[in-house]
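Reviewing the structure listed below.
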Amino acid sequence: MAEQQRSTVLLGSKSIYRRHLINRIAQSAFLLASLVSTVALIVIFFTLTAESISFFTNVSIIEFLTGTKWTVLFSEKHFGILPLLNATLITSAIAVAVAAPAGLAAAIYLSEYAGKRARGLLKPVVETLSGIPTVVYGYFALYFVTPQFLRGLIPDLGIHNALAVGLMIGVLVMPIVASLSDDAMKAVPEDLRMAAYSLGARKYQVVLRVVVPAALSGIVASVILAFARAMGETMIAAIAGGFRPVLSFDVREAMQTMPSYIAQVATGDAPHGTIEYQSLFAVGLFLLLITAALNFIGIRVVRRWEIRY
Amino acid sequence: MQQRAAKRRKVNDVLVPLAASIGVFVAIAFLVSLLLYVISMGAGRLSPTLLLEYPSANPREAGMRSAILGSVFTVGLAGLICIPLSIATAIYLTEYAGNKWWSQVLRYNIANLAGVPSIVFGVVGLGFLVYGLGLGRSVIAGAFTLAILTLPYVTVVCVEAIRTVPEDQRFGAYALGATTYEVVRYIVLPRALPMMLTGGILGISRALGEAAPILVISGLIFIREDPMSLLSEFTVIPLQLYNWISRPQLVFQQLAAAGIIVLLVILLALNSLAIHLRQRFYRRLEEG
């Protein structure tokens with residue numbers, strides 16, 4: 001009430017021209033603010049491109065894309081991104097292998113089975129997993145998961161290894177799958193469920209043969225987005241994955257991912273203008289292009305296959 | 001035969017939810033074991049020294065004073081930049097732009113910005129803010145980077161907050177001749193502000209946990225003084241933890257665990273505040 005009274009007083013005391021002038025000024029200010037994210041995207045793209053161009057005047061783009069050795073921080077330098085790309089894809093694939101089934105199961109439970117109270121209690125718990133700082137996951141991977149858990153199953157596991165990194169990133173991105181799939185399943189109209197029940201279907205049949213297929217576009221998109229997020233994860237890979245750029249498929253070994261390479265250069269000293277410094281931007285641009293493509297595909301999957309009700 | 005099929009369906013009706021609930025229980029088990037491990041490692045190292053002293057090579061005297069102050073300044077400043085920008089962006093998108101093509105483009109760009117990996121923000125911050133604009137490896141460069149990083153998340157919450165304001169209240173004001181700004185100022189903002197602040201706090205707690213972009217901007221440096229100005233060099237709590245985690249000695253692992261407890265307690269406090277604000281907000285909504 002107080003709010004309304006004050007507003008009548010304020011509105012009454014100003015001329016209509018002044019009020020519209022204020023509105024115009026406010027509109028411009030809001031517009032300016034909303035342009036910031038677009039400007040930021042442009043700055044991101046141009047900063048990465050500008051330094052990458054300096055990088056590629058020294059390094060052939062063919063070597064970068066097809067070379068199997070990445071030794072930028074050594075005296076004999078090779079600039080093949082494949083070891084870093086390979087490690088990034090392997091750890092992200094392990095992550096999704098964890099996050100997709102666990103996240104989908106959690107989403108099915110939360111959306112279809114949990115009561116209102118259980119849902120209200122459990123959904124925030126699941127989402128907490130992405131709220132924990134990733135250095136904490138790195139710590140847990142390096143000092144608990146690898147030595148005390150995984151070594152019991154695989155005795156010759158390295159202290160730094162791709163497996164623990166992938167598993168931890170999987171836990172980190174699981175809420176992305178759970179939350180987006182839950183949204184997708186909640187959006188399936190009640191009529192479809194009722195129709196199935198009226199044909200004599202049991203609840204698990206309704207869930208697995210009606211709700212999940214109807215929500216499939218959202219589920220697939222959630223997995224793609226989780227994969228993109230996993231590729232960009234830095235601290236877990238830097239702490240538990242080791243700084244060893246090798247082209248290998250052995251997940252028991254240390255492997256360096258693209259973000260982990262950037263972290264290593266940042267940890268050491270890469271003076272402005274050197275090839276090490278420029279390589280940050282080339283790797284960053286490459287990483288950005290891949291994750292942007294994945295995000296784009298994720299959004300397209302939803303648009304293309306979404307069943308609208 | 002039919003009886004057996006019916007029995008199998010009955011069994012499935014129990015098995016499927018059981019299997020699905022494993023997803024949730026794995027998450028809970030993971031969370032509990034992580035917390036127990038961190039507490040068992042770090043509880044013995046919790047002390048005033050940890051909060052009040054500068055980092056040191058001698059673990060008994062080592063603390064994270066400069067990291068705590070660095071986090072407070074950098075993340076606080078990031079919040080001061082990010083929250084008003086997010087609120088203004090949300091207001092423009094929902095109240096002014098309508099469904100025009102550029103509003104679609106703006107929305108699309110916000111979604112794109114949310115998809116940029118956080119380490120890339122660090123690299124761009126290094127190239128554009130630290131060297132391009134000559135800000136150096138400073139608090140202000142870190143704050144700008146974190147502000148842009150959290151901008152899309154906070155904006156999304158602000159847009160949702162505005163969506164909860166009923167249309168008829170806006171129409172009522174418009175019918176009385178209010179300008180859009182007056183509708184925003186007297187109808188939309190008072191009702192949406194608590195939820196917007198909730199989003200702001202969630203953005204701040206996200207920024208507080210970010211190590212990767214700050215690592216690229218500040219480097220992994222050893223700081224034994226308080227950050228006094230916007231152009232000071234700085235470090236933040238997650239980076240101090242990263243520093244301790246990378247040392248092989250057990251004492252530093254325990255110190256890292258103690259630091260993790262401090263960080264998690266701060267995050268828990270922030271999240272409780274956010275939940276409290278959100279509940280007050282819903283109570284106000286119900287009261288109309």
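Labeling convention for the structure tokens: chains A, B, ... as they appear, residues from 1 per chain, ligands from 1 in order of appearance.
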Within 6 Å of chain A, which residues of chain B come that close, and what is the closest atom pair and distance in Å for each? Count only C-alpha atoms and give it as a Markdown table.
```
| residue | atom | partner | partner_atom | distance |
| --- | --- | --- | --- | --- |
| B:Asp13 | CA | A:Tyr204 | CA | 5.4 |
| B:Ala20 | CA | A:Ala105 | CA | 4.3 |
| B:Ser21 | CA | A:Tyr109 | CA | 5.4 |
| B:Gly23 | CA | A:Ala106 | CA | 4.5 |
| B:Val24 | CA | A:Ala106 | CA | 5.0 |
| B:Leu85 | CA | A:Ala33 | CA | 5.5 |
| B:Ala88 | CA | A:Phe30 | CA | 5.0 |
| B:Thr89 | CA | A:Ser34 | CA | 4.1 |
| B:Tyr92 | CA | A:Phe30 | CA | 5.3 |
| B:Asn109 | CA | A:Thr38 | CA | 5.8 |
| B:Pro117 | CA | A:Gly232 | CA | 4.9 |
| B:Val120 | CA | A:Gly284 | CA | 5.6 |
| B:Val124 | CA | A:Ile44 | CA | 5.8 |
| B:Tyr181 | CA | A:Asn23 | CA | 4.9 |
| B:Gly209 | CA | A:Pro133 | CA | 4.6 |
| B:Val216 | CA | A:Ala266 | CA | 4.8 |
| B:Gly219 | CA | A:Ala266 | CA | 5.6 |
| B:Leu220 | CA | A:Thr267 | CA | 5.3 |
```
Long-range neighbours of Val157 in chain B as a ChimeraX atom specification, 9 Å cut-off, only C-alpha atoms, 6 positions minimum in chain: /B:86,90,195-196,198-200
With N, CA and C atoms retained, export the selected residues as a PDB file, in the first residue's frame.
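Saved the output as result02.pdb:
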```
ATOM      1  N   SER B  86      22.753  -7.538 -14.818  1.00  0.00           N
ATOM      2  CA  SER B  86      21.805  -8.621 -15.075  1.00  0.00           C
ATOM      3  C   SER B  86      20.373  -8.138 -14.921  1.00  0.00           C
ATOM      4  N   ALA B  90      17.681  -8.059 -17.882  1.00  0.00           N
ATOM      5  CA  ALA B  90      16.411  -8.772 -17.764  1.00  0.00           C
ATOM      6  C   ALA B  90      15.241  -7.822 -17.976  1.00  0.00           C
ATOM      7  N   MET B 195      13.832 -12.209  -5.511  1.00  0.00           N
ATOM      8  CA  MET B 195      14.284 -13.368  -6.286  1.00  0.00           C
ATOM      9  C   MET B 195      15.498 -13.001  -7.138  1.00  0.00           C
ATOM     10  N   MET B 196      15.544 -11.738  -7.603  1.00  0.00           N
ATOM     11  CA  MET B 196      16.725 -11.293  -8.348  1.00  0.00           C
ATOM     12  C   MET B 196      17.964 -11.356  -7.463  1.00  0.00           C
ATOM     13  N   THR B 198      18.356 -13.299  -4.928  1.00  0.00           N
ATOM     14  CA  THR B 198      18.676 -14.722  -4.790  1.00  0.00           C
ATOM     15  C   THR B 198      19.587 -15.166  -5.928  1.00  0.00           C
ATOM     16  N   GLY B 199      19.211 -14.793  -7.141  1.00  0.00           N
ATOM     17  CA  GLY B 199      20.041 -15.134  -8.305  1.00  0.00           C
ATOM     18  C   GLY B 199      21.421 -14.522  -8.186  1.00  0.00           C
ATOM     19  N   GLY B 200      21.477 -13.276  -7.702  1.00  0.00           N
ATOM     20  CA  GLY B 200      22.759 -12.604  -7.528  1.00  0.00           C
ATOM     21  C   GLY B 200      23.656 -13.347  -6.559  1.00  0.00           C
TER      22      GLY B 200
END
```
Distance of CA of Ile224 in chain A from CA of Ile290 in chain A, expressed in Å to one decimal place: 11.8 Å
Pairwise distance for CA of Tyr131 in chain B and CA of Glu276 in chain A, rounded to one decimal in Å: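 Pair CA of Tyr131 in chain B / CA of Glu276 in chain A returns 15.3 Å.
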Å distance separating CA of Ser47 in chain B from CA of Ile68 in chain B, one decimal place: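 It comes out at 14.5 Å.
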Within 12 Å of Ala192 in chain B using only C-alpha atoms, minus same-chain residues under 5 positions, as a list in words: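 So the residues in contact are Ile87, Ala90, Ile91, Val157, Cys158, Val159, Glu160, Ala161, Ile162, Arg163, Thr164, Val165, Pro166, Val184, Arg185, Tyr186, Ile187, Leu197, Thr198, Gly199, Leu277, Arg278, Arg280, Phe281, Tyr282, Arg284 and Leu285 of chain B.
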Writing out the chosen residues with C-alpha atoms as a PDB file, in the first residue's frame:
```pdb
ATOM      1  CA  ILE B  87      18.782  -6.849 -13.631  1.00  0.00           C
ATOM      2  CA  ALA B  90      16.411  -8.772 -17.764  1.00  0.00           C
ATOM      3  CA  ILE B  91      14.259  -5.631 -17.589  1.00  0.00           C
ATOM      4  CA  VAL B 157      17.235 -15.909 -12.826  1.00  0.00           C
ATOM      5  CA  CYS B 158      16.303 -12.208 -13.120  1.00  0.00           C
ATOM      6  CA  VAL B 159      14.201 -12.914 -16.227  1.00  0.00           C
ATOM      7  CA  GLU B 160      12.407 -15.696 -14.336  1.00  0.00           C
ATOM      8  CA  ALA B 161      11.874 -13.354 -11.389  1.00  0.00           C
ATOM      9  CA  ILE B 162      10.216 -10.796 -13.647  1.00  0.00           C
ATOM     10  CA  ARG B 163       8.032 -13.501 -15.220  1.00  0.00           C
ATOM     11  CA  THR B 164       6.460 -14.181 -11.795  1.00  0.00           C
ATOM     12  CA  VAL B 165       4.981 -10.662 -11.705  1.00  0.00           C
ATOM     13  CA  PRO B 166       1.348 -11.024 -12.842  1.00  0.00           C
ATOM     14  CA  VAL B 184       9.236  -1.268 -13.942  1.00  0.00           C
ATOM     15  CA  ARG B 185      10.028   0.975 -11.001  1.00  0.00           C
ATOM     16  CA  TYR B 186       6.782   0.665  -9.039  1.00  0.00           C
ATOM     17  CA  ILE B 187       5.251  -2.651 -10.126  1.00  0.00           C
ATOM     18  CA  LEU B 197      18.950 -10.965  -5.294  1.00  0.00           C
ATOM     19  CA  THR B 198      18.676 -14.722  -4.790  1.00  0.00           C
ATOM     20  CA  GLY B 199      20.041 -15.134  -8.305  1.00  0.00           C
ATOM     21  CA  LEU B 277      15.359 -14.779   0.482  1.00  0.00           C
ATOM     22  CA  ARG B 278      13.518 -17.015  -1.960  1.00  0.00           C
ATOM     23  CA  ARG B 280      10.366 -14.746   1.842  1.00  0.00           C
ATOM     24  CA  PHE B 281       9.763 -13.932  -1.789  1.00  0.00           C
ATOM     25  CA  TYR B 282       7.245 -16.746  -2.227  1.00  0.00           C
ATOM     26  CA  ARG B 284       5.112 -12.280  -0.357  1.00  0.00           C
ATOM     27  CA  LEU B 285       3.801 -13.671  -3.637  1.00  0.00           C
TER      28      LEU B 285
END
```
Counting only C-alpha atoms, the option among B:Leu270, B:Ile148, B:Ala257, B:Leu193 closest to Val38 in chain B: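 Of B:Leu270, B:Ile148, B:Ala257, B:Leu193, the one nearest Val38 in chain B is B:Ala257, counting only C-alpha atoms.
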Residue nearest Gln249 in chain B among B:Val116, B:Gly172, B:Pro59, B:Ser40 (counting only C-alpha atoms):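 Using only C-alpha atoms, the shortest distance to Gln249 in chain B belongs to B:Pro59.
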12 Å contact set for Leu52 in chain B, only C-alpha atoms, chain neighbours under 2 positions out, as a list in words: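 Residues meeting the cut-off are Leu46, Ser47, Pro48, Thr49, Leu50, Tyr54, Pro55, Glu61, Ala62, Gly63, Met64, Arg65, Ser66, Ala67, Ile68, Leu69, Arg224, Glu225 and Asp226 of chain B.
With only C-alpha atoms as the basis for measurement, A:Met168 is the residue among A:Asn58, A:Met168, A:Val72, A:Pro147 that approaches Ala97 in chain A most closely.
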Selection: 9 Å around Ile217 in chain B, only C-alpha atoms, excl. self and same-chain fewer than 5 positions, as a PDB file with N, CA and C atoms, in the first residue's frame:
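What ended up in part26.pdb:
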```pdb
ATOM      1  N   ALA A 266      49.550 -21.118 -17.357  1.00  0.00           N
ATOM      2  CA  ALA A 266      49.231 -20.025 -16.431  1.00  0.00           C
ATOM      3  C   ALA A 266      49.984 -20.190 -15.111  1.00  0.00           C
TER       4      ALA A 266
ATOM      5  N   GLY B 122      39.212 -16.822 -18.718  1.00  0.00           N
ATOM      6  CA  GLY B 122      40.505 -16.456 -18.164  1.00  0.00           C
ATOM      7  C   GLY B 122      41.489 -16.026 -19.241  1.00  0.00           C
ATOM      8  N   VAL B 123      41.549 -16.823 -20.319  1.00  0.00           N
ATOM      9  CA  VAL B 123      42.485 -16.526 -21.407  1.00  0.00           C
ATOM     10  C   VAL B 123      42.151 -15.169 -22.037  1.00  0.00           C
ATOM     11  N   GLY B 125      40.458 -12.744 -20.598  1.00  0.00           N
ATOM     12  CA  GLY B 125      40.758 -11.722 -19.590  1.00  0.00           C
ATOM     13  C   GLY B 125      42.233 -11.364 -19.609  1.00  0.00           C
ATOM     14  N   LEU B 126      43.084 -12.375 -19.765  1.00  0.00           N
ATOM     15  CA  LEU B 126      44.528 -12.142 -19.824  1.00  0.00           C
ATOM     16  C   LEU B 126      44.889 -11.297 -21.053  1.00  0.00           C
ATOM     17  N   LEU B 129      42.045  -7.760 -20.913  1.00  0.00           N
ATOM     18  CA  LEU B 129      42.065  -6.859 -19.750  1.00  0.00           C
ATOM     19  C   LEU B 129      43.483  -6.642 -19.232  1.00  0.00           C
ATOM     20  N   VAL B 130      44.203  -7.749 -19.006  1.00  0.00           N
ATOM     21  CA  VAL B 130      45.524  -7.643 -18.381  1.00  0.00           C
ATOM     22  C   VAL B 130      46.510  -6.929 -19.310  1.00  0.00           C
ATOM     23  N   GLY B 136      46.855  -4.970 -15.980  1.00  0.00           N
ATOM     24  CA  GLY B 136      47.778  -5.798 -15.209  1.00  0.00           C
ATOM     25  C   GLY B 136      47.046  -6.963 -14.561  1.00  0.00           C
ATOM     26  N   ARG B 137      47.806  -7.787 -13.820  1.00  0.00           N
ATOM     27  CA  ARG B 137      47.201  -8.952 -13.166  1.00  0.00           C
ATOM     28  C   ARG B 137      46.516  -8.493 -11.889  1.00  0.00           C
ATOM     29  N   SER B 138      45.452  -7.704 -12.040  1.00  0.00           N
ATOM     30  CA  SER B 138      44.917  -6.954 -10.905  1.00  0.00           C
ATOM     31  C   SER B 138      43.546  -7.437 -10.471  1.00  0.00           C
ATOM     32  N   ALA B 141      40.841  -6.620 -13.026  1.00  0.00           N
ATOM     33  CA  ALA B 141      40.796  -7.525 -14.183  1.00  0.00           C
ATOM     34  C   ALA B 141      40.086  -8.829 -13.804  1.00  0.00           C
ATOM     35  N   GLY B 142      40.397  -9.351 -12.611  1.00  0.00           N
ATOM     36  CA  GLY B 142      39.731 -10.567 -12.146  1.00  0.00           C
ATOM     37  C   GLY B 142      38.245 -10.341 -11.945  1.00  0.00           C
ATOM     38  N   THR B 145      36.328 -10.169 -15.235  1.00  0.00           N
ATOM     39  CA  THR B 145      36.218 -11.501 -15.833  1.00  0.00           C
ATOM     40  C   THR B 145      35.138 -12.321 -15.144  1.00  0.00           C
ATOM     41  N   ALA B 212      39.792 -21.620 -12.251  1.00  0.00           N
ATOM     42  CA  ALA B 212      40.469 -21.642 -13.544  1.00  0.00           C
ATOM     43  C   ALA B 212      40.687 -20.251 -14.167  1.00  0.00           C
TER      44      ALA B 212
END
```
